[in-house]
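**Q** Structure file my_file36.pdb (PDB, C-alpha atoms, pLDDT in the B column) right here:
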ATOM      1  CA  SER A   1     -10.366 -11.342  -7.898  1.00 47.00           C
ATOM      2  CA  GLN A   2      -6.818 -12.269  -8.823  1.00 51.00           C
ATOM      3  CA  GLN A   3      -5.559 -10.524 -11.911  1.00 63.00           C
ATOM      4  CA  GLY A   4      -2.068 -11.945 -12.115  1.00 69.00           C
ATOM      5  CA  GLU A   5      -1.281 -15.472 -13.152  1.00 82.00           C
ATOM      6  CA  GLU A   6       2.150 -16.937 -12.520  1.00 84.00           C
ATOM      7  CA  ASP A   7       3.593 -19.695 -14.607  1.00 86.00           C
ATOM      8  CA  PRO A   8       4.699 -22.327 -13.824  1.00 92.00           C
ATOM      9  CA  GLN A   9       2.789 -23.155 -10.647  1.00 91.00           C
ATOM     10  CA  ALA A  10       5.776 -25.144  -9.392  1.00 94.00           C
ATOM     11  CA  LEU A  11       9.414 -25.263 -10.395  1.00 95.00           C
ATOM     12  CA  SER A  12      12.174 -27.573  -9.151  1.00 96.00           C
ATOM     13  CA  ILE A  13      15.826 -26.921 -10.029  1.00 96.00           C
ATOM     14  CA  GLN A  14      19.291 -27.627  -8.679  1.00 97.00           C
ATOM     15  CA  GLU A  15      21.565 -25.126  -7.019  1.00 97.00           C
ATOM     16  CA  GLY A  16      23.495 -23.075  -9.515  1.00 97.00           C
ATOM     17  CA  GLU A  17      20.822 -23.251 -12.197  1.00 97.00           C
ATOM     18  CA  ASN A  18      18.722 -20.290 -13.283  1.00 97.00           C
ATOM     19  CA  ALA A  19      15.029 -20.066 -12.448  1.00 97.00           C
ATOM     20  CA  THR A  20      12.556 -18.230 -14.653  1.00 97.00           C
ATOM     21  CA  MET A  21       9.012 -17.405 -13.587  1.00 96.00           C
ATOM     22  CA  ASN A  22       6.414 -15.659 -15.694  1.00 96.00           C
ATOM     23  CA  CYS A  23       3.452 -13.495 -14.860  1.00 94.00           C
ATOM     24  CA  SER A  24       0.551 -12.423 -17.034  1.00 94.00           C
ATOM     25  CA  TYR A  25      -2.088  -9.837 -16.154  1.00 92.00           C
ATOM     26  CA  LYS A  26      -5.262  -8.479 -17.681  1.00 89.00           C
ATOM     27  CA  THR A  27      -5.663  -4.727 -17.284  1.00 86.00           C
ATOM     28  CA  SER A  28      -3.466  -1.647 -17.631  1.00 87.00           C
ATOM     29  CA  ILE A  29      -1.063  -1.113 -14.745  1.00 87.00           C
ATOM     30  CA  ASN A  30       1.078   1.596 -13.162  1.00 86.00           C
ATOM     31  CA  ASN A  31       3.718  -0.822 -11.956  1.00 89.00           C
ATOM     32  CA  LEU A  32       4.359  -4.486 -11.281  1.00 92.00           C
ATOM     33  CA  GLN A  33       6.055  -5.860  -8.195  1.00 93.00           C
ATOM     34  CA  TRP A  34       7.565  -9.238  -7.380  1.00 95.00           C
ATOM     35  CA  TYR A  35       7.445 -10.636  -3.859  1.00 96.00           C
ATOM     36  CA  ARG A  36       8.857 -13.732  -2.157  1.00 96.00           C
ATOM     37  CA  GLN A  37       7.068 -15.630   0.581  1.00 95.00           C
ATOM     38  CA  ASN A  38       8.535 -18.261   2.850  1.00 91.00           C
ATOM     39  CA  SER A  39       6.325 -20.761   4.657  1.00 78.00           C
ATOM     40  CA  GLY A  40       3.075 -18.942   3.898  1.00 64.00           C
ATOM     41  CA  ARG A  41       3.856 -15.920   6.052  1.00 73.00           C
ATOM     42  CA  GLY A  42       5.155 -12.411   5.376  1.00 84.00           C
ATOM     43  CA  LEU A  43       5.904 -11.226   1.869  1.00 93.00           C
ATOM     44  CA  VAL A  44       9.347  -9.849   1.111  1.00 94.00           C
ATOM     45  CA  HIS A  45       9.492  -7.200  -1.574  1.00 94.00           C
ATOM     46  CA  LEU A  46      11.992  -8.047  -4.298  1.00 96.00           C
ATOM     47  CA  ILE A  47      11.650  -5.518  -7.077  1.00 95.00           C
ATOM     48  CA  LEU A  48       9.260  -2.955  -8.544  1.00 93.00           C
ATOM     49  CA  ILE A  49       9.171  -2.196 -12.252  1.00 94.00           C
ATOM     50  CA  ARG A  50       7.148   0.717 -13.591  1.00 92.00           C
ATOM     51  CA  SER A  51       4.986   0.559 -16.683  1.00 92.00           C
ATOM     52  CA  ASN A  52       7.441   2.713 -18.650  1.00 94.00           C
ATOM     53  CA  GLU A  53      10.384   0.430 -17.840  1.00 96.00           C
ATOM     54  CA  ARG A  54      11.290  -2.702 -19.769  1.00 97.00           C
ATOM     55  CA  GLU A  55      13.983  -4.319 -17.640  1.00 98.00           C
ATOM     56  CA  LYS A  56      15.345  -3.997 -14.148  1.00 97.00           C
ATOM     57  CA  HIS A  57      18.134  -5.715 -12.223  1.00 96.00           C
ATOM     58  CA  SER A  58      18.771  -6.225  -8.536  1.00 95.00           C
ATOM     59  CA  GLY A  59      21.632  -8.511  -7.557  1.00 96.00           C
ATOM     60  CA  ARG A  60      20.854 -11.970  -8.954  1.00 97.00           C
ATOM     61  CA  LEU A  61      17.364 -10.882  -9.992  1.00 97.00           C
ATOM     62  CA  ARG A  62      16.352  -9.694 -13.432  1.00 98.00           C
ATOM     63  CA  VAL A  63      12.810  -8.585 -14.185  1.00 98.00           C
ATOM     64  CA  THR A  64      11.362  -7.777 -17.574  1.00 98.00           C
ATOM     65  CA  LEU A  65       8.045  -6.163 -18.409  1.00 97.00           C
ATOM     66  CA  ASP A  66       6.213  -6.252 -21.726  1.00 96.00           C
ATOM     67  CA  THR A  67       3.123  -4.061 -21.446  1.00 95.00           C
ATOM     68  CA  SER A  68       2.015  -4.894 -24.994  1.00 95.00           C
ATOM     69  CA  LYS A  69       1.753  -8.563 -24.009  1.00 95.00           C
ATOM     70  CA  LYS A  70       0.722  -7.781 -20.427  1.00 94.00           C
ATOM     71  CA  SER A  71       3.439 -10.042 -19.103  1.00 95.00           C
ATOM     72  CA  SER A  72       6.509 -10.004 -16.892  1.00 96.00           C
ATOM     73  CA  SER A  73       9.264 -12.443 -16.068  1.00 97.00           C
ATOM     74  CA  LEU A  74      11.494 -12.905 -13.042  1.00 97.00           C
ATOM     75  CA  LEU A  75      14.875 -14.533 -13.555  1.00 98.00           C
ATOM     76  CA  ILE A  76      16.925 -15.702 -10.599  1.00 98.00           C
ATOM     77  CA  THR A  77      20.463 -16.513 -11.658  1.00 97.00           C
ATOM     78  CA  ALA A  78      22.823 -18.965  -9.929  1.00 97.00           C
ATOM     79  CA  SER A  79      20.061 -20.143  -7.605  1.00 97.00           C
ATOM     80  CA  ARG A  80      20.712 -21.198  -4.006  1.00 97.00           C
ATOM     81  CA  ALA A  81      18.827 -23.477  -1.641  1.00 96.00           C
ATOM     82  CA  ALA A  82      17.851 -20.337   0.288  1.00 94.00           C
ATOM     83  CA  ASP A  83      15.890 -19.146  -2.765  1.00 96.00           C
ATOM     84  CA  THR A  84      13.332 -21.895  -2.080  1.00 96.00           C
ATOM     85  CA  ALA A  85      10.048 -20.028  -1.576  1.00 96.00           C
ATOM     86  CA  SER A  86       6.846 -18.972  -3.304  1.00 95.00           C
ATOM     87  CA  TYR A  87       7.119 -16.041  -5.690  1.00 96.00           C
ATOM     88  CA  PHE A  88       4.229 -13.715  -6.482  1.00 95.00           C
ATOM     89  CA  CYS A  89       3.766 -10.952  -8.976  1.00 94.00           C
ATOM     90  CA  ALA A  90       1.473  -8.113  -7.980  1.00 93.00           C
ATOM     91  CA  THR A  91      -0.022  -5.449 -10.176  1.00 91.00           C
ATOM     92  CA  ASP A  92      -1.855  -2.253  -9.326  1.00 85.00           C
ATOM     93  CA  ALA A  93      -4.697  -1.165 -11.575  1.00 70.00           C
ATOM     94  CA  SER A  94      -3.872   2.097 -13.307  1.00 60.00           C
ATOM     95  CA  ASN A  95      -7.094   3.695 -12.089  1.00 63.00           C
ATOM     96  CA  SER A  96      -6.262   3.159  -8.420  1.00 63.00           C
ATOM     97  CA  GLY A  97      -2.531   2.784  -8.012  1.00 59.00           C
ATOM     98  CA  TYR A  98      -2.660   1.225  -4.586  1.00 77.00           C
ATOM     99  CA  ALA A  99      -4.624  -2.019  -4.193  1.00 85.00           C
ATOM    100  CA  LEU A 100      -2.341  -4.812  -5.346  1.00 90.00           C
ATOM    101  CA  ASN A 101      -3.693  -7.781  -7.280  1.00 90.00           C
ATOM    102  CA  PHE A 102      -1.728 -10.971  -6.734  1.00 92.00           C
ATOM    103  CA  GLY A 103      -1.604 -14.226  -8.644  1.00 89.00           C
ATOM    104  CA  LYS A 104      -1.470 -17.649  -7.022  1.00 90.00           C
ATOM    105  CA  GLY A 105       2.313 -17.686  -7.118  1.00 93.00           C
ATOM    106  CA  THR A 106       5.073 -19.976  -8.318  1.00 95.00           C
ATOM    107  CA  SER A 107       6.475 -22.438  -5.805  1.00 95.00           C
ATOM    108  CA  LEU A 108      10.238 -22.720  -6.346  1.00 96.00           C
ATOM    109  CA  LEU A 109      12.285 -25.573  -4.912  1.00 97.00           C
ATOM    110  CA  VAL A 110      16.073 -25.379  -5.169  1.00 97.00           C
ATOM    111  CA  THR A 111      17.838 -28.590  -4.207  1.00 96.00           C
ATOM    112  CA  PRO A 112      21.511 -28.783  -3.198  1.00 91.00           C
TER     113      PRO A 112
ATOM    114  CA  GLY B 113      14.724   0.398  10.887  1.00 55.00           C
ATOM    115  CA  ALA B 114      11.747  -1.554  12.142  1.00 83.00           C
ATOM    116  CA  GLY B 115       9.443  -3.100   9.602  1.00 93.00           C
ATOM    117  CA  VAL B 116       5.720  -3.688   9.737  1.00 96.00           C
ATOM    118  CA  SER B 117       4.712  -5.674  12.792  1.00 97.00           C
ATOM    119  CA  GLN B 118       1.509  -7.598  13.428  1.00 97.00           C
ATOM    120  CA  THR B 119       0.055  -9.100  16.567  1.00 97.00           C
ATOM    121  CA  PRO B 120      -0.802 -11.741  17.442  1.00 97.00           C
ATOM    122  CA  SER B 121       1.153 -14.009  15.117  1.00 95.00           C
ATOM    123  CA  ASN B 122      -1.437 -16.726  15.612  1.00 96.00           C
ATOM    124  CA  LYS B 123      -5.021 -16.549  16.790  1.00 97.00           C
ATOM    125  CA  VAL B 124      -7.319 -19.492  17.387  1.00 98.00           C
ATOM    126  CA  THR B 125     -10.928 -18.730  18.129  1.00 97.00           C
ATOM    127  CA  GLU B 126     -14.295 -20.397  18.125  1.00 97.00           C
ATOM    128  CA  LYS B 127     -17.025 -19.832  15.594  1.00 97.00           C
ATOM    129  CA  GLY B 128     -19.142 -16.850  16.532  1.00 97.00           C
ATOM    130  CA  LYS B 129     -16.480 -15.054  18.558  1.00 97.00           C
ATOM    131  CA  TYR B 130     -15.089 -11.563  17.994  1.00 98.00           C
ATOM    132  CA  VAL B 131     -11.409 -11.014  17.134  1.00 98.00           C
ATOM    133  CA  GLU B 132      -9.092  -8.044  16.716  1.00 98.00           C
ATOM    134  CA  LEU B 133      -5.896  -8.110  14.715  1.00 98.00           C
ATOM    135  CA  ARG B 134      -3.340  -5.354  15.116  1.00 98.00           C
ATOM    136  CA  CYS B 135      -0.896  -3.802  12.661  1.00 98.00           C
ATOM    137  CA  ASP B 136       1.979  -1.410  13.368  1.00 98.00           C
ATOM    138  CA  PRO B 137       3.161   0.149  10.113  1.00 97.00           C
ATOM    139  CA  ILE B 138       6.618   1.479   9.339  1.00 96.00           C
ATOM    140  CA  SER B 139       7.064   4.817  11.069  1.00 95.00           C
ATOM    141  CA  GLY B 140       6.191   7.717   8.783  1.00 93.00           C
ATOM    142  CA  HIS B 141       4.193   5.665   6.300  1.00 95.00           C
ATOM    143  CA  THR B 142       0.853   7.319   5.630  1.00 94.00           C
ATOM    144  CA  ALA B 143      -0.685   4.457   3.675  1.00 94.00           C
ATOM    145  CA  LEU B 144      -1.751   1.182   5.268  1.00 96.00           C
ATOM    146  CA  TYR B 145      -3.341  -1.880   3.666  1.00 95.00           C
ATOM    147  CA  TRP B 146      -4.939  -5.099   4.838  1.00 97.00           C
ATOM    148  CA  TYR B 147      -4.937  -8.264   2.736  1.00 96.00           C
ATOM    149  CA  ARG B 148      -6.192 -11.783   3.359  1.00 96.00           C
ATOM    150  CA  GLN B 149      -4.466 -14.897   2.080  1.00 95.00           C
ATOM    151  CA  SER B 150      -6.141 -18.279   1.977  1.00 93.00           C
ATOM    152  CA  LEU B 151      -4.178 -21.498   1.626  1.00 89.00           C
ATOM    153  CA  GLY B 152      -2.704 -21.926  -1.835  1.00 87.00           C
ATOM    154  CA  GLN B 153      -3.811 -18.485  -2.984  1.00 91.00           C
ATOM    155  CA  GLY B 154      -2.212 -15.099  -3.353  1.00 92.00           C
ATOM    156  CA  PRO B 155      -3.163 -12.263  -0.998  1.00 93.00           C
ATOM    157  CA  GLU B 156      -6.468 -10.507  -1.669  1.00 94.00           C
ATOM    158  CA  PHE B 157      -6.992  -6.826  -0.966  1.00 93.00           C
ATOM    159  CA  LEU B 158      -9.358  -5.902   1.870  1.00 95.00           C
ATOM    160  CA  ILE B 159      -8.973  -2.214   2.733  1.00 94.00           C
ATOM    161  CA  TYR B 160      -6.687   0.788   2.223  1.00 93.00           C
ATOM    162  CA  PHE B 161      -6.129   3.663   4.654  1.00 94.00           C
ATOM    163  CA  GLN B 162      -4.647   7.018   3.778  1.00 92.00           C
ATOM    164  CA  GLY B 163      -3.940   8.637   7.108  1.00 91.00           C
ATOM    165  CA  THR B 164      -6.866   8.051   9.439  1.00 92.00           C
ATOM    166  CA  GLY B 165      -9.493   7.495   6.785  1.00 90.00           C
ATOM    167  CA  ALA B 166     -10.426   4.366   4.884  1.00 89.00           C
ATOM    168  CA  ALA B 167      -9.901   5.455   1.291  1.00 87.00           C
ATOM    169  CA  ASP B 168     -11.121   2.162  -0.143  1.00 89.00           C
ATOM    170  CA  ASP B 169     -12.860  -0.632   1.754  1.00 90.00           C
ATOM    171  CA  SER B 170     -14.240  -2.375  -1.312  1.00 89.00           C
ATOM    172  CA  GLY B 171     -12.383  -5.593  -0.533  1.00 91.00           C
ATOM    173  CA  LEU B 172     -14.028  -6.230   2.821  1.00 94.00           C
ATOM    174  CA  PRO B 173     -16.118  -9.375   2.263  1.00 94.00           C
ATOM    175  CA  ASN B 174     -19.139  -8.351   4.372  1.00 94.00           C
ATOM    176  CA  ASP B 175     -20.230  -6.150   7.256  1.00 95.00           C
ATOM    177  CA  ARG B 176     -18.728  -8.483   9.855  1.00 97.00           C
ATOM    178  CA  PHE B 177     -15.354  -7.028   8.899  1.00 97.00           C
ATOM    179  CA  PHE B 178     -14.324  -3.563  10.012  1.00 96.00           C
ATOM    180  CA  ALA B 179     -11.005  -1.760  10.340  1.00 97.00           C
ATOM    181  CA  VAL B 180      -9.885   1.433  12.038  1.00 96.00           C
ATOM    182  CA  ARG B 181      -6.800   3.607  12.147  1.00 96.00           C
ATOM    183  CA  PRO B 182      -7.758   6.365  14.602  1.00 95.00           C
ATOM    184  CA  GLU B 183      -4.434   8.195  14.846  1.00 93.00           C
ATOM    185  CA  GLY B 184      -3.086   7.473  11.398  1.00 91.00           C
ATOM    186  CA  SER B 185      -0.563   4.921  12.591  1.00 95.00           C
ATOM    187  CA  VAL B 186      -1.633   1.630  14.213  1.00 97.00           C
ATOM    188  CA  SER B 187      -4.573  -0.129  12.613  1.00 98.00           C
ATOM    189  CA  THR B 188      -6.925  -2.775  13.960  1.00 98.00           C
ATOM    190  CA  LEU B 189      -8.898  -5.200  11.823  1.00 98.00           C
ATOM    191  CA  LYS B 190     -12.015  -6.360  13.628  1.00 98.00           C
ATOM    192  CA  ILE B 191     -14.035  -9.427  12.735  1.00 98.00           C
ATOM    193  CA  GLN B 192     -17.416 -10.049  14.379  1.00 97.00           C
ATOM    194  CA  ARG B 193     -19.226 -13.384  14.625  1.00 97.00           C
ATOM    195  CA  THR B 194     -16.322 -15.259  13.095  1.00 98.00           C
ATOM    196  CA  GLU B 195     -17.005 -18.112  10.699  1.00 97.00           C
ATOM    197  CA  ARG B 196     -14.817 -21.066   9.736  1.00 96.00           C
ATOM    198  CA  GLY B 197     -14.404 -19.519   6.283  1.00 96.00           C
ATOM    199  CA  ASP B 198     -12.638 -16.542   7.862  1.00 97.00           C
ATOM    200  CA  SER B 199      -9.644 -18.779   8.614  1.00 97.00           C
ATOM    201  CA  ALA B 200      -6.682 -17.355   6.702  1.00 96.00           C
ATOM    202  CA  VAL B 201      -3.489 -15.379   7.106  1.00 96.00           C
ATOM    203  CA  TYR B 202      -4.241 -11.673   7.471  1.00 97.00           C
ATOM    204  CA  LEU B 203      -1.460  -9.513   6.112  1.00 97.00           C
ATOM    205  CA  CYS B 204      -0.851  -5.851   6.730  1.00 97.00           C
ATOM    206  CA  ALA B 205       1.312  -3.625   4.546  1.00 96.00           C
ATOM    207  CA  SER B 206       2.346  -0.002   4.571  1.00 95.00           C
ATOM    208  CA  SER B 207       3.827   2.380   2.049  1.00 93.00           C
ATOM    209  CA  LEU B 208       5.291   5.857   2.262  1.00 92.00           C
ATOM    210  CA  THR B 209       2.596   7.852   0.506  1.00 87.00           C
ATOM    211  CA  GLY B 210       0.192   5.408  -1.113  1.00 77.00           C
ATOM    212  CA  ALA B 211      -0.177   5.785  -4.804  1.00 70.00           C
ATOM    213  CA  ARG B 212       2.163   3.556  -6.756  1.00 76.00           C
ATOM    214  CA  ASP B 213       4.602   3.084  -3.866  1.00 84.00           C
ATOM    215  CA  THR B 214       6.315  -0.095  -2.825  1.00 88.00           C
ATOM    216  CA  GLN B 215       4.218  -1.873  -0.212  1.00 92.00           C
ATOM    217  CA  TYR B 216       6.093  -3.478   2.684  1.00 94.00           C
ATOM    218  CA  PHE B 217       4.367  -6.394   4.351  1.00 95.00           C
ATOM    219  CA  GLY B 218       4.285  -7.604   7.916  1.00 96.00           C
ATOM    220  CA  PRO B 219       4.635 -11.267   8.950  1.00 95.00           C
ATOM    221  CA  GLY B 220       0.887 -11.763   9.090  1.00 96.00           C
ATOM    222  CA  THR B 221      -1.580 -13.119  11.636  1.00 97.00           C
ATOM    223  CA  ARG B 222      -2.753 -16.682  11.084  1.00 96.00           C
ATOM    224  CA  LEU B 223      -6.400 -16.822  12.146  1.00 97.00           C
ATOM    225  CA  THR B 224      -7.989 -20.203  12.750  1.00 97.00           C
ATOM    226  CA  VAL B 225     -11.712 -20.382  13.446  1.00 97.00           C
ATOM    227  CA  LEU B 226     -12.782 -23.709  14.930  1.00 96.00           C
TER     228      LEU B 226
END
Using the file provided, produce a representation of the structure as structure tokens.
**A**
Amino acid sequence: SQQGEEDPQALSIQEGENATMNCSYKTSINNLQWYRQNSGRGLVHLILIRSNEREKHSGRLRVTLDTSKKSSSLLITASRAADTASYFCATDASNSGYALNFGKGTSLLVTP
Amino acid sequence: GAGVSQTPSNKVTEKGKYVELRCDPISGHTALYWYRQSLGQGPEFLIYFQGTGAADDSGLPNDRFFAVRPEGSVSTLKIQRTERGDSAVYLCASSLTGARDTQYFGPGTRLTVL
């Protein structure tokens, strides 16, 4: 079963604009991770945020986590054509801590 | 350093055949995971190894699926009597210790059952 739900399903923006993707989940978590996937193959880990953290930055990426609303957001600033990919959030159930539950992803298209 | 590798990158087989998919985790990672991703979906958990033992195989869809990790490093996912519905990308991931660690994924094996 897929716990996470990303929103929107698809997003199209121009280079230089910011892209915001949201993720909602259902059960308590230990941490939440964001991954990028190009062309339906390997997932690239972007950032991990723990349940006791509220915000985290990595380069042009900013992730927030609101455990009271069971939601997270990924912001990509100053987007580039190379950011075109599918983005997934993944949560691990607090009673296991290892099996990741993924949503269906957000498909991001950045046009020059 | 080297990441997670998976072989083959693509596998085409006929319905009813047996297939093996291989995963080489990052050196030193004790935890290994298999996921399956169907078109348009996110990855779904299949099985988790801690060392040589399968700590959780609750995601395996049925008894045609089996995985081993005999020496605590390389893992093989085995599928018997393949069906067309088994067609998907099979992803392997590893993490340093397991619980609550970042999972690093391989490039996947695209399995097509004709």
**Q** Apply the PyMOL selection byres ((chain A) within 12 of (chain B)) to the structure shown and report the selected residues as JSON, numbers by chain.
**A** {"A": [1, 2, 3, 4, 5, 6, 9, 10, 29, 30, 31, 32, 33, 34, 35, 36, 37, 38, 39, 40, 41, 42, 43, 44, 45, 46, 47, 48, 49, 50, 51, 86, 87, 88, 89, 90, 91, 92, 93, 94, 95, 96, 97, 98, 99, 100, 101, 102, 103, 104, 105, 106, 107]}
**Q** Could you give me, as a VMD selection string, the residues that sit within 7 Å of (-9.8, -24.6, 8.9) in the file's coordinates, counting all atoms listed in the file?
**A** chain B and resid 196 199 224 to 226
**Q** Suppose you want the space between atom CA of Arg62 of chain A and atom CA of Ala78 of chain A; what is it in Å?
**A**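 For atom CA of Arg62 of chain A relative to atom CA of Ala78 of chain A, the distance reads 11.8 Å.
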**Q** Could you tell me which of A:Ser68, A:Ser79, A:Thr84, A:Ser58 comes closest to Ala19 of chain A if we count only C-alpha atoms?
**A**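 Among the listed residues, the smallest separation from Ala19 of chain A belongs to A:Ser79.
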**Q** When you draw a straight line from atom CA of Arg54 of chain A to atom CA of Thr142 of chain B, how long is it in Å?
**A**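 If I compute the distance from atom CA of Arg54 of chain A to atom CA of Thr142 of chain B, I get 29.2 Å.
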**Q** Box in all listed atoms of segment 213-225 of chain B, axis-aligned, with 3 Å more on each side; write out centre and edge lengths in Å to one decimal as AutoDock Vina command-line options.
**A**
--center_x -2.7 --center_y -8.6 --center_z 4.8 --size_x 24.0 --size_y 29.5 --size_z 23.3
**Q** Choose the residue, out of B:Pro120, B:Gly165, B:Gly115, B:Pro173, that has the smallest atom-to-atom separation from Arg148 of chain B; count only C-alpha atoms.
**A**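 Closest to Arg148 of chain B, using only C-alpha atoms: B:Pro173.
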**Q** As an exercise, work out the distance from atom CA of Ser28 of chain A to atom CA of Ser72 of chain A in Å and give it to one decimal place.
**A**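 Going from atom CA of Ser28 of chain A over to atom CA of Ser72 of chain A covers 13.0 Å.
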**Q** Spell out the residues picked by the PyMOL selection byres ((chain B and resi 180-195) around 6) here, as an NGL selection string.
**A** :B and (127-136 or 163-164 or 176-179 or 196-198)
**Q** Export C-alpha atoms of the chosen residues as a compact mmCIF listing (two decimals), keeping the file's coordinate frame?
**A**
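Written file, result21.txt:
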# COMPACT_ATOMS: atom_id res chain seq x y z
CA LYS B 127 -17.02 -19.83 15.59
CA GLY B 128 -19.14 -16.85 16.53
CA LYS B 129 -16.48 -15.05 18.56
CA TYR B 130 -15.09 -11.56 17.99
CA VAL B 131 -11.41 -11.01 17.13
CA GLU B 132 -9.09 -8.04 16.72
CA LEU B 133 -5.90 -8.11 14.72
CA ARG B 134 -3.34 -5.35 15.12
CA CYS B 135 -0.90 -3.80 12.66
CA ASP B 136 1.98 -1.41 13.37
CA GLY B 163 -3.94 8.64 7.11
CA THR B 164 -6.87 8.05 9.44
CA ARG B 176 -18.73 -8.48 9.86
CA PHE B 177 -15.35 -7.03 8.90
CA PHE B 178 -14.32 -3.56 10.01
CA ALA B 179 -11.00 -1.76 10.34
CA ARG B 196 -14.82 -21.07 9.74
CA GLY B 197 -14.40 -19.52 6.28
CA ASP B 198 -12.64 -16.54 7.86
**Q** Output as a PDB file, keeping the file's coordinate frame: segment 123-129 of chain B, completed with all heavy atoms.
**A**
ATOM      1  N   LYS B 123      -3.815 -16.727  15.991  1.00 97.00           N
ATOM      2  CA  LYS B 123      -5.021 -16.549  16.790  1.00 97.00           C
ATOM      3  C   LYS B 123      -5.971 -17.695  16.485  1.00 97.00           C
ATOM      4  O   LYS B 123      -6.326 -17.923  15.328  1.00 97.00           O
ATOM      5  CB  LYS B 123      -5.691 -15.216  16.461  1.00 97.00           C
ATOM      6  CG  LYS B 123      -7.007 -14.958  17.177  1.00 97.00           C
ATOM      7  CD  LYS B 123      -6.811 -14.711  18.647  1.00 97.00           C
ATOM      8  CE  LYS B 123      -8.133 -14.390  19.338  1.00 97.00           C
ATOM      9  NZ  LYS B 123      -7.947 -14.207  20.808  1.00 97.00           N
ATOM     10  N   VAL B 124      -6.345 -18.417  17.536  1.00 98.00           N
ATOM     11  CA  VAL B 124      -7.319 -19.492  17.387  1.00 98.00           C
ATOM     12  C   VAL B 124      -8.562 -19.065  18.148  1.00 98.00           C
ATOM     13  O   VAL B 124      -8.479 -18.669  19.316  1.00 98.00           O
ATOM     14  CB  VAL B 124      -6.782 -20.833  17.939  1.00 98.00           C
ATOM     15  CG1 VAL B 124      -7.840 -21.927  17.775  1.00 98.00           C
ATOM     16  CG2 VAL B 124      -5.490 -21.229  17.230  1.00 98.00           C
ATOM     17  N   THR B 125      -9.691 -19.136  17.494  1.00 97.00           N
ATOM     18  CA  THR B 125     -10.928 -18.730  18.129  1.00 97.00           C
ATOM     19  C   THR B 125     -12.044 -19.689  17.743  1.00 97.00           C
ATOM     20  O   THR B 125     -11.885 -20.535  16.858  1.00 97.00           O
ATOM     21  CB  THR B 125     -11.299 -17.289  17.724  1.00 97.00           C
ATOM     22  OG1 THR B 125     -12.380 -16.821  18.532  1.00 97.00           O
ATOM     23  CG2 THR B 125     -11.724 -17.229  16.258  1.00 97.00           C
ATOM     24  N   GLU B 126     -13.150 -19.552  18.418  1.00 97.00           N
ATOM     25  CA  GLU B 126     -14.295 -20.397  18.125  1.00 97.00           C
ATOM     26  C   GLU B 126     -15.289 -19.652  17.248  1.00 97.00           C
ATOM     27  O   GLU B 126     -15.401 -18.414  17.323  1.00 97.00           O
ATOM     28  CB  GLU B 126     -14.974 -20.820  19.420  1.00 97.00           C
ATOM     29  CG  GLU B 126     -14.123 -21.755  20.263  1.00 97.00           C
ATOM     30  CD  GLU B 126     -14.838 -22.154  21.545  1.00 97.00           C
ATOM     31  OE1 GLU B 126     -15.808 -21.468  21.926  1.00 97.00           O
ATOM     32  OE2 GLU B 126     -14.419 -23.150  22.165  1.00 97.00           O
ATOM     33  N   LYS B 127     -15.988 -20.389  16.464  1.00 97.00           N
ATOM     34  CA  LYS B 127     -17.025 -19.832  15.594  1.00 97.00           C
ATOM     35  C   LYS B 127     -17.959 -18.951  16.412  1.00 97.00           C
ATOM     36  O   LYS B 127     -18.402 -19.329  17.493  1.00 97.00           O
ATOM     37  CB  LYS B 127     -17.784 -20.972  14.927  1.00 97.00           C
ATOM     38  CG  LYS B 127     -18.881 -20.576  13.968  1.00 97.00           C
ATOM     39  CD  LYS B 127     -19.461 -21.816  13.305  1.00 97.00           C
ATOM     40  CE  LYS B 127     -20.620 -21.486  12.388  1.00 97.00           C
ATOM     41  NZ  LYS B 127     -21.812 -20.998  13.094  1.00 97.00           N
ATOM     42  N   GLY B 128     -18.231 -17.764  15.864  1.00 97.00           N
ATOM     43  CA  GLY B 128     -19.142 -16.850  16.532  1.00 97.00           C
ATOM     44  C   GLY B 128     -18.472 -15.808  17.413  1.00 97.00           C
ATOM     45  O   GLY B 128     -19.111 -14.829  17.820  1.00 97.00           O
ATOM     46  N   LYS B 129     -17.187 -16.005  17.702  1.00 97.00           N
ATOM     47  CA  LYS B 129     -16.480 -15.054  18.558  1.00 97.00           C
ATOM     48  C   LYS B 129     -16.022 -13.822  17.780  1.00 97.00           C
ATOM     49  O   LYS B 129     -15.993 -13.800  16.543  1.00 97.00           O
ATOM     50  CB  LYS B 129     -15.262 -15.730  19.202  1.00 97.00           C
ATOM     51  CG  LYS B 129     -15.598 -16.918  20.080  1.00 97.00           C
ATOM     52  CD  LYS B 129     -16.287 -16.507  21.355  1.00 97.00           C
ATOM     53  CE  LYS B 129     -16.430 -17.695  22.284  1.00 97.00           C
ATOM     54  NZ  LYS B 129     -17.160 -17.325  23.528  1.00 97.00           N
TER      55      LYS B 129
END
